[in-house]
Each structure stands twice: as structure tokens, then as C-alpha cells.
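Trainee: The file below is input19.cif, mmCIF, C-alpha atoms:
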data_target
loop_
_atom_site.group_PDB
_atom_site.id
_atom_site.type_symbol
_atom_site.label_atom_id
_atom_site.label_comp_id
_atom_site.auth_asym_id
_atom_site.auth_seq_id
_atom_site.Cartn_x
_atom_site.Cartn_y
_atom_site.Cartn_z
ATOM 1 C CA MET W 1 -148.287 136.852 93.735
ATOM 2 C CA LEU W 2 -150.411 137.845 96.718
ATOM 3 C CA HIS W 3 -149.512 136.511 100.128
ATOM 4 C CA TRP W 4 -152.306 136.307 102.656
ATOM 5 C CA PRO W 5 -151.751 136.807 106.387
ATOM 6 C CA PRO W 6 -151.168 133.830 108.638
ATOM 7 C CA ALA W 7 -154.134 132.658 110.705
ATOM 8 C CA LEU W 8 -155.005 135.126 113.439
ATOM 9 C CA ASN W 9 -156.349 134.230 116.841
ATOM 10 C CA GLN W 10 -160.082 134.405 117.197
ATOM 11 C CA THR W 11 -160.320 137.978 118.472
ATOM 12 C CA GLU W 12 -157.891 139.712 116.148
ATOM 13 C CA SER W 13 -158.345 141.454 112.855
ATOM 14 C CA GLN W 14 -155.416 142.664 110.831
ATOM 15 C CA PRO W 15 -155.089 144.740 107.680
ATOM 16 C CA VAL W 16 -153.025 143.520 104.776
ATOM 17 C CA SER W 17 -152.147 145.722 101.845
ATOM 18 C CA VAL W 18 -152.806 144.060 98.506
ATOM 19 C CA LYS W 19 -152.366 147.087 96.330
ATOM 20 C CA GLY W 20 -151.762 150.593 97.626
ATOM 21 C CA SER W 21 -155.426 151.495 97.878
ATOM 22 C CA ILE W 22 -156.908 148.066 98.734
ATOM 23 C CA ARG W 23 -156.948 146.784 102.320
ATOM 24 C CA ILE W 24 -157.979 143.353 103.543
ATOM 25 C CA TYR W 25 -159.086 142.715 107.103
ATOM 26 C CA GLU W 26 -159.445 139.119 108.178
ATOM 27 C CA ILE W 27 -161.473 138.171 111.226
ATOM 28 C CA ASN W 28 -161.165 134.667 112.636
ATOM 29 C CA GLY W 29 -163.534 132.996 115.069
ATOM 30 C CA PRO W 30 -166.769 134.238 116.592
ATOM 31 C CA PHE W 31 -167.313 137.962 116.122
ATOM 32 C CA PHE W 32 -168.485 138.996 119.592
ATOM 33 C CA PHE W 33 -167.981 141.802 122.101
ATOM 34 C CA GLY W 34 -164.173 141.813 122.521
ATOM 35 C CA ALA W 35 -163.469 141.209 118.864
ATOM 36 C CA ALA W 36 -165.885 143.989 117.886
ATOM 37 C CA ASP W 37 -163.950 146.539 119.935
ATOM 38 C CA LYS W 38 -160.627 145.498 118.396
ATOM 39 C CA PHE W 39 -162.214 145.536 114.965
ATOM 40 C CA LEU W 40 -163.502 149.100 115.387
ATOM 41 C CA ASN W 41 -160.080 150.258 116.545
ATOM 42 C CA ALA W 42 -158.501 148.684 113.468
ATOM 43 C CA VAL W 43 -161.078 150.194 111.113
ATOM 44 C CA GLY W 44 -160.570 153.606 112.698
ATOM 45 C CA SER W 45 -156.906 153.475 111.743
ATOM 46 C CA ILE W 46 -157.473 152.936 108.006
ATOM 47 C CA ASP W 47 -155.307 155.397 106.108
ATOM 48 C CA HIS W 48 -156.663 157.925 103.648
ATOM 49 C CA GLU W 49 -155.123 156.155 100.643
ATOM 50 C CA THR W 50 -157.540 153.245 101.069
ATOM 51 C CA LYS W 51 -160.212 153.106 98.374
ATOM 52 C CA VAL W 52 -161.444 149.541 98.919
ATOM 53 C CA LEU W 53 -161.813 147.565 102.142
ATOM 54 C CA ILE W 54 -162.254 143.819 101.821
ATOM 55 C CA LEU W 55 -163.522 142.118 104.946
ATOM 56 C CA ARG W 56 -162.523 138.459 104.862
ATOM 57 C CA MET W 57 -164.984 136.529 107.036
ATOM 58 C CA ARG W 58 -164.427 132.903 106.070
ATOM 59 C CA ASN W 59 -163.574 131.908 109.647
ATOM 60 C CA VAL W 60 -166.294 133.918 111.387
ATOM 61 C CA THR W 61 -168.671 131.279 112.671
ATOM 62 C CA ALA W 62 -171.046 133.571 114.567
ATOM 63 C CA MET W 63 -171.824 137.241 114.984
ATOM 64 C CA ASP W 64 -173.696 138.894 117.868
ATOM 65 C CA ALA W 65 -175.499 142.220 118.331
ATOM 66 C CA THR W 66 -172.337 143.995 119.512
ATOM 67 C CA ALA W 67 -170.510 142.919 116.367
ATOM 68 C CA LEU W 68 -173.506 143.992 114.296
ATOM 69 C CA ASN W 69 -173.283 147.478 115.809
ATOM 70 C CA ALA W 70 -169.547 147.540 115.065
ATOM 71 C CA PHE W 71 -170.354 146.504 111.504
ATOM 72 C CA LYS W 72 -172.851 149.372 111.161
ATOM 73 C CA ARG W 73 -170.261 151.847 112.406
ATOM 74 C CA MET W 74 -167.699 150.431 109.978
ATOM 75 C CA ILE W 75 -170.158 150.932 107.097
ATOM 76 C CA LYS W 76 -170.597 154.581 108.143
ATOM 77 C CA VAL W 77 -166.815 155.105 108.307
ATOM 78 C CA CYS W 78 -166.410 153.603 104.830
ATOM 79 C CA HIS W 79 -169.238 155.714 103.432
ATOM 80 C CA HIS W 80 -167.902 158.891 105.024
ATOM 81 C CA ARG W 81 -164.395 158.269 103.630
ATOM 82 C CA GLY W 82 -165.557 157.105 100.201
ATOM 83 C CA ILE W 83 -164.261 153.558 100.720
ATOM 84 C CA ALA W 84 -165.943 150.720 98.812
ATOM 85 C CA LEU W 85 -166.689 147.746 101.080
ATOM 86 C CA PHE W 86 -166.415 144.148 99.865
ATOM 87 C CA ILE W 87 -167.119 140.995 101.908
ATOM 88 C CA SER W 88 -165.573 137.612 101.128
ATOM 89 C CA GLY W 89 -166.290 134.144 102.438
ATOM 90 C CA ILE W 90 -169.113 135.047 104.808
ATOM 91 C CA ASN W 91 -170.793 132.111 106.531
ATOM 92 C CA LYS W 92 -174.513 131.493 106.902
ATOM 93 C CA GLN W 93 -175.067 132.834 110.446
ATOM 94 C CA PRO W 94 -173.219 136.168 110.027
ATOM 95 C CA TYR W 95 -174.925 136.647 106.647
ATOM 96 C CA ALA W 96 -178.325 136.044 108.262
ATOM 97 C CA VAL W 97 -177.519 138.638 110.953
ATOM 98 C CA LEU W 98 -176.626 141.224 108.291
ATOM 99 C CA GLU W 99 -179.680 140.288 106.246
ATOM 100 C CA LYS W 100 -182.039 140.647 109.214
ATOM 101 C CA ALA W 101 -180.558 144.089 109.933
ATOM 102 C CA GLU W 102 -181.108 144.983 106.246
ATOM 103 C CA LEU W 103 -177.396 145.635 105.723
ATOM 104 C CA ILE W 104 -177.007 143.359 102.702
ATOM 105 C CA SER W 105 -178.773 145.939 100.559
ATOM 106 C CA VAL W 106 -176.840 148.807 102.180
ATOM 107 C CA ILE W 107 -173.515 147.153 101.319
ATOM 108 C CA GLY W 108 -174.834 145.834 98.008
ATOM 109 C CA GLU W 109 -175.421 142.159 97.354
ATOM 110 C CA HIS W 110 -173.025 142.405 94.407
ATOM 111 C CA ARG W 111 -170.201 143.163 96.877
ATOM 112 C CA PHE W 112 -170.332 139.735 98.555
ATOM 113 C CA TYR W 113 -167.920 137.133 97.182
ATOM 114 C CA GLU W 114 -167.310 133.481 97.924
ATOM 115 C CA THR W 115 -163.535 133.764 97.669
ATOM 116 C CA ILE W 116 -160.933 136.362 98.467
ATOM 117 C CA SER W 117 -159.575 136.057 94.910
ATOM 118 C CA GLU W 118 -162.938 137.120 93.459
ATOM 119 C CA ALA W 119 -163.136 140.061 95.875
ATOM 120 C CA VAL W 120 -159.616 141.239 95.061
ATOM 121 C CA ALA W 121 -160.254 140.971 91.319
ATOM 122 C CA SER W 122 -163.445 142.975 91.627
ATOM 123 C CA ALA W 123 -161.784 145.519 93.923
ATOM 124 C CA SER W 124 -159.005 146.002 91.383
ATOM 125 C CA ASP W 125 -161.667 146.861 88.793
ATOM 126 C CA VAL W 126 -163.090 149.553 91.101
ATOM 127 C CA ILE W 127 -159.860 151.500 91.613
#
Show me this structure written as C-alpha cells.
Mentor:
Amino acid sequence: MLHWPPALNQTESQPVSVKGSIRIYEINGPFFFGAADKFLNAVGSIDHETKVLILRMRNVTAMDATALNAFKRMIKVCHHRGIALFISGINKQPYAVLEKAELISVIGEHRFYETISEAVASASDVI
């Protein structure tokens, strides 16, 4: 059985290993300037065994331009390392920000899931 991380404070993101090559990062609270910096640091430390990164965004209520830039950099890191990116539980405002920046199509609309369980199941099919 999978055990998810406890709730994190609003500016933290933390990886959780589900299966050796799947990582889950959960972001809680508004995704703004300070959180974006911490997020980029965390993404930069992803090990080379990671094949799938699931970004759990169910508690992200808002996303600003700084976070959007961090998101773009994260997409480049994933692409460069051959890591498939999945998004679970994204709320309306962050989704609209990604959509306006035309990142939904870059990530792939089929890689957005309502629940973490759906994302993990799909990620397991990829590896």
C-alpha cells in the first residue's frame, strides 16, 4: 500500500518515492516567489533513476508568474533528462495559468489527472 506524505507547509515541496523510478512532489498552498525557488531546488536534485515525476497540486490555490517560470524550467529539466511529467489534482487557477502560457499542450493534456491514484497507475504503465 502506498503511503502519501503528511501535509507540508505552504512553501514546501517534497519528493516521495512510490516505486524506484517514480517520484511525487506535493506542493501545498499558493505557488509564488519563495515556493518557486524551493521547488526549483528540489527539482534540481532529482536523481537519475527517476523516469516519471508526478506533481501533486491539489492544494495549490494560486500560481503567479514566478511560479510559471519555475514550471517552465522544470519542464525543460524533465525533457532534458527523459523524465515523463504527470500532474494530479490541479485547481482551476493554476490550470488557467498553464493554459494561457500554452504549457498544457507541451506537457500533454493526457498527463493531467484528477487524483493521485490515477496518476500513479498511469505512471506505472509508462515505466
Trainee: Got a sec to resolve the PyMOL selection byres ((chain W and resi 39) around 10) on this structure and send the residues as a list of chain:residue names?
Mentor: W:Thr11, W:Glu12, W:Ser13, W:Gln14, W:Tyr25, W:Glu26, W:Ile27, W:Phe31, W:Phe33, W:Gly34, W:Ala35, W:Ala36, W:Asp37, W:Lys38, W:Leu40, W:Asn41, W:Ala42, W:Val43, W:Gly44, W:Ala67, W:Ala70, W:Phe71, W:Met74
Trainee: Per residue of stretch 37-83 of chain W within 12 Å of stretch 97-119 of chain W, what are the shortest atom pair and its distance in Å to one decimal, counting only C-alpha atoms, with rows by chain and residue number, as a Markdown table?
Mentor:
| residue | atom | partner | partner_atom | distance |
| --- | --- | --- | --- | --- |
| W:Val52 | CA | W:Ala119 | CA | 10.1 |
| W:Leu53 | CA | W:Ala119 | CA | 9.9 |
| W:Ile54 | CA | W:Ala119 | CA | 7.1 |
| W:Leu55 | CA | W:Ile116 | CA | 9.0 |
| W:Arg56 | CA | W:Ile116 | CA | 6.9 |
| W:Met57 | CA | W:Ile116 | CA | 9.5 |
| W:Arg58 | CA | W:Thr115 | CA | 8.5 |
| W:Thr61 | CA | W:Val97 | CA | 11.6 |
| W:Ala62 | CA | W:Val97 | CA | 9.0 |
| W:Met63 | CA | W:Val97 | CA | 7.1 |
| W:Asp64 | CA | W:Val97 | CA | 7.9 |
| W:Ala65 | CA | W:Val97 | CA | 8.4 |
| W:Thr66 | CA | W:Val97 | CA | 11.3 |
| W:Ala67 | CA | W:Val97 | CA | 9.8 |
| W:Leu68 | CA | W:Leu98 | CA | 7.3 |
| W:Asn69 | CA | W:Ala101 | CA | 9.9 |
| W:Ala70 | CA | W:Leu98 | CA | 11.7 |
| W:Phe71 | CA | W:Leu98 | CA | 8.8 |
| W:Lys72 | CA | W:Leu103 | CA | 8.0 |
| W:Arg73 | CA | W:Leu103 | CA | 11.6 |
| W:Met74 | CA | W:Ile107 | CA | 10.9 |
| W:Ile75 | CA | W:Ile107 | CA | 7.7 |
| W:Lys76 | CA | W:Val106 | CA | 10.4 |
| W:Cys78 | CA | W:Ile107 | CA | 10.2 |
| W:His79 | CA | W:Ile107 | CA | 9.8 |
| W:Ile83 | CA | W:Ile107 | CA | 11.3 |
Trainee: Give me, please, the distance in Å between atom CA of W:Phe86 and atom CA of W:Gly29, quoted to one decimal.
Mentor: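 Between atom CA of W:Phe86 and atom CA of W:Gly29 the gap works out to 19.1 Å.
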Trainee: Tell me which of W:Ser45, W:Ser88, W:Ser122, W:Gln93 sits closest to W:Pro30, counting all atoms listed in the file.
Mentor: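 Nearest candidate to W:Pro30 out of W:Ser45, W:Ser88, W:Ser122, W:Gln93: W:Gln93.
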Trainee: Rounded to one decimal, what separation in Å do you get between atom CA of W:Ile24 and atom CA of W:Ala96?
Mentor: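 Atom CA of W:Ala96 lies 22.1 Å from atom CA of W:Ile24.
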Trainee: Quote the spacing between atom CA of W:Pro94 and atom CA of W:Phe32 in Å to one decimal place.
Mentor: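 Those two atoms sit 11.0 Å apart.
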Trainee: Considering all atoms listed in the file, can you say which of W:Ile22, W:Ala121, W:Val126, W:Ile90 comes closest to W:His48?
Mentor: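 Nearest candidate to W:His48 out of W:Ile22, W:Ala121, W:Val126, W:Ile90: W:Ile22.
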Trainee: Assuming the input is short of atoms at stretch 77-104 of chain W, produce N, CA and C atoms for that part as an mmCIF file, in the coordinates of the input.
Mentor:
data_model
loop_
_atom_site.group_PDB
_atom_site.id
_atom_site.type_symbol
_atom_site.label_atom_id
_atom_site.label_comp_id
_atom_site.auth_asym_id
_atom_site.auth_seq_id
_atom_site.Cartn_x
_atom_site.Cartn_y
_atom_site.Cartn_z
ATOM 1 N N VAL W 77 -168.182 154.618 108.514
ATOM 2 C CA VAL W 77 -166.815 155.105 108.307
ATOM 3 C C VAL W 77 -166.439 154.980 106.830
ATOM 4 N N CYS W 78 -166.725 153.819 106.247
ATOM 5 C CA CYS W 78 -166.410 153.603 104.830
ATOM 6 C C CYS W 78 -167.162 154.602 103.953
ATOM 7 N N HIS W 79 -168.438 154.784 104.228
ATOM 8 C CA HIS W 79 -169.238 155.714 103.432
ATOM 9 C C HIS W 79 -168.695 157.145 103.562
ATOM 10 N N HIS W 80 -168.404 157.539 104.771
ATOM 11 C CA HIS W 80 -167.902 158.891 105.024
ATOM 12 C C HIS W 80 -166.566 159.137 104.311
ATOM 13 N N ARG W 81 -165.716 158.125 104.252
ATOM 14 C CA ARG W 81 -164.395 158.269 103.630
ATOM 15 C C ARG W 81 -164.368 157.892 102.154
ATOM 16 N N GLY W 82 -165.503 157.486 101.609
ATOM 17 C CA GLY W 82 -165.557 157.105 100.201
ATOM 18 C C GLY W 82 -164.858 155.787 99.910
ATOM 19 N N ILE W 83 -164.906 154.862 100.859
ATOM 20 C CA ILE W 83 -164.261 153.558 100.720
ATOM 21 C C ILE W 83 -165.306 152.528 100.320
ATOM 22 N N ALA W 84 -165.052 151.800 99.242
ATOM 23 C CA ALA W 84 -165.943 150.720 98.812
ATOM 24 C C ALA W 84 -165.702 149.510 99.707
ATOM 25 N N LEU W 85 -166.776 148.895 100.183
ATOM 26 C CA LEU W 85 -166.689 147.746 101.080
ATOM 27 C C LEU W 85 -167.049 146.472 100.331
ATOM 28 N N PHE W 86 -166.188 145.463 100.449
ATOM 29 C CA PHE W 86 -166.415 144.148 99.865
ATOM 30 C C PHE W 86 -166.328 143.128 100.987
ATOM 31 N N ILE W 87 -167.119 142.062 100.904
ATOM 32 C CA ILE W 87 -167.119 140.995 101.908
ATOM 33 C C ILE W 87 -166.796 139.688 101.183
ATOM 34 N N SER W 88 -165.867 138.913 101.742
ATOM 35 C CA SER W 88 -165.573 137.612 101.128
ATOM 36 C C SER W 88 -165.728 136.493 102.149
ATOM 37 N N GLY W 89 -166.231 135.374 101.656
ATOM 38 C CA GLY W 89 -166.290 134.144 102.438
ATOM 39 C C GLY W 89 -167.202 134.159 103.645
ATOM 40 N N ILE W 90 -168.240 134.960 103.637
ATOM 41 C CA ILE W 90 -169.113 135.047 104.808
ATOM 42 C C ILE W 90 -169.923 133.762 104.971
ATOM 43 N N ASN W 91 -170.036 133.317 106.204
ATOM 44 C CA ASN W 91 -170.793 132.111 106.531
ATOM 45 C C ASN W 91 -172.267 132.433 106.742
ATOM 46 N N LYS W 92 -173.056 131.377 106.854
ATOM 47 C CA LYS W 92 -174.513 131.493 106.902
ATOM 48 C C LYS W 92 -175.018 132.349 108.067
ATOM 49 N N GLN W 93 -174.541 132.110 109.286
ATOM 50 C CA GLN W 93 -175.067 132.834 110.446
ATOM 51 C C GLN W 93 -174.747 134.336 110.384
ATOM 52 N N PRO W 94 -173.489 134.732 110.142
ATOM 53 C CA PRO W 94 -173.219 136.168 110.027
ATOM 54 C C PRO W 94 -174.001 136.823 108.875
ATOM 55 N N TYR W 95 -174.152 136.110 107.769
ATOM 56 C CA TYR W 95 -174.925 136.647 106.647
ATOM 57 C C TYR W 95 -176.371 136.877 107.069
ATOM 58 N N ALA W 96 -176.940 135.923 107.795
ATOM 59 C CA ALA W 96 -178.325 136.044 108.262
ATOM 60 C C ALA W 96 -178.483 137.240 109.205
ATOM 61 N N VAL W 97 -177.476 137.484 110.049
ATOM 62 C CA VAL W 97 -177.519 138.638 110.953
ATOM 63 C C VAL W 97 -177.534 139.931 110.147
ATOM 64 N N LEU W 98 -176.671 140.028 109.139
ATOM 65 C CA LEU W 98 -176.626 141.224 108.291
ATOM 66 C C LEU W 98 -177.916 141.381 107.488
ATOM 67 N N GLU W 99 -178.448 140.256 107.030
ATOM 68 C CA GLU W 99 -179.680 140.288 106.246
ATOM 69 C C GLU W 99 -180.857 140.768 107.102
ATOM 70 N N LYS W 100 -180.953 140.255 108.311
ATOM 71 C CA LYS W 100 -182.039 140.647 109.214
ATOM 72 C C LYS W 100 -181.962 142.142 109.542
ATOM 73 N N ALA W 101 -180.757 142.666 109.649
ATOM 74 C CA ALA W 101 -180.558 144.089 109.933
ATOM 75 C C ALA W 101 -180.657 144.949 108.667
ATOM 76 N N GLU W 102 -180.962 144.321 107.541
ATOM 77 C CA GLU W 102 -181.108 144.983 106.246
ATOM 78 C C GLU W 102 -179.821 145.662 105.767
ATOM 79 N N LEU W 103 -178.683 145.075 106.135
ATOM 80 C CA LEU W 103 -177.396 145.635 105.723
ATOM 81 C C LEU W 103 -176.873 145.055 104.419
ATOM 82 N N ILE W 104 -177.436 143.945 103.983
ATOM 83 C CA ILE W 104 -177.007 143.359 102.702
ATOM 84 C C ILE W 104 -177.269 144.366 101.586
#
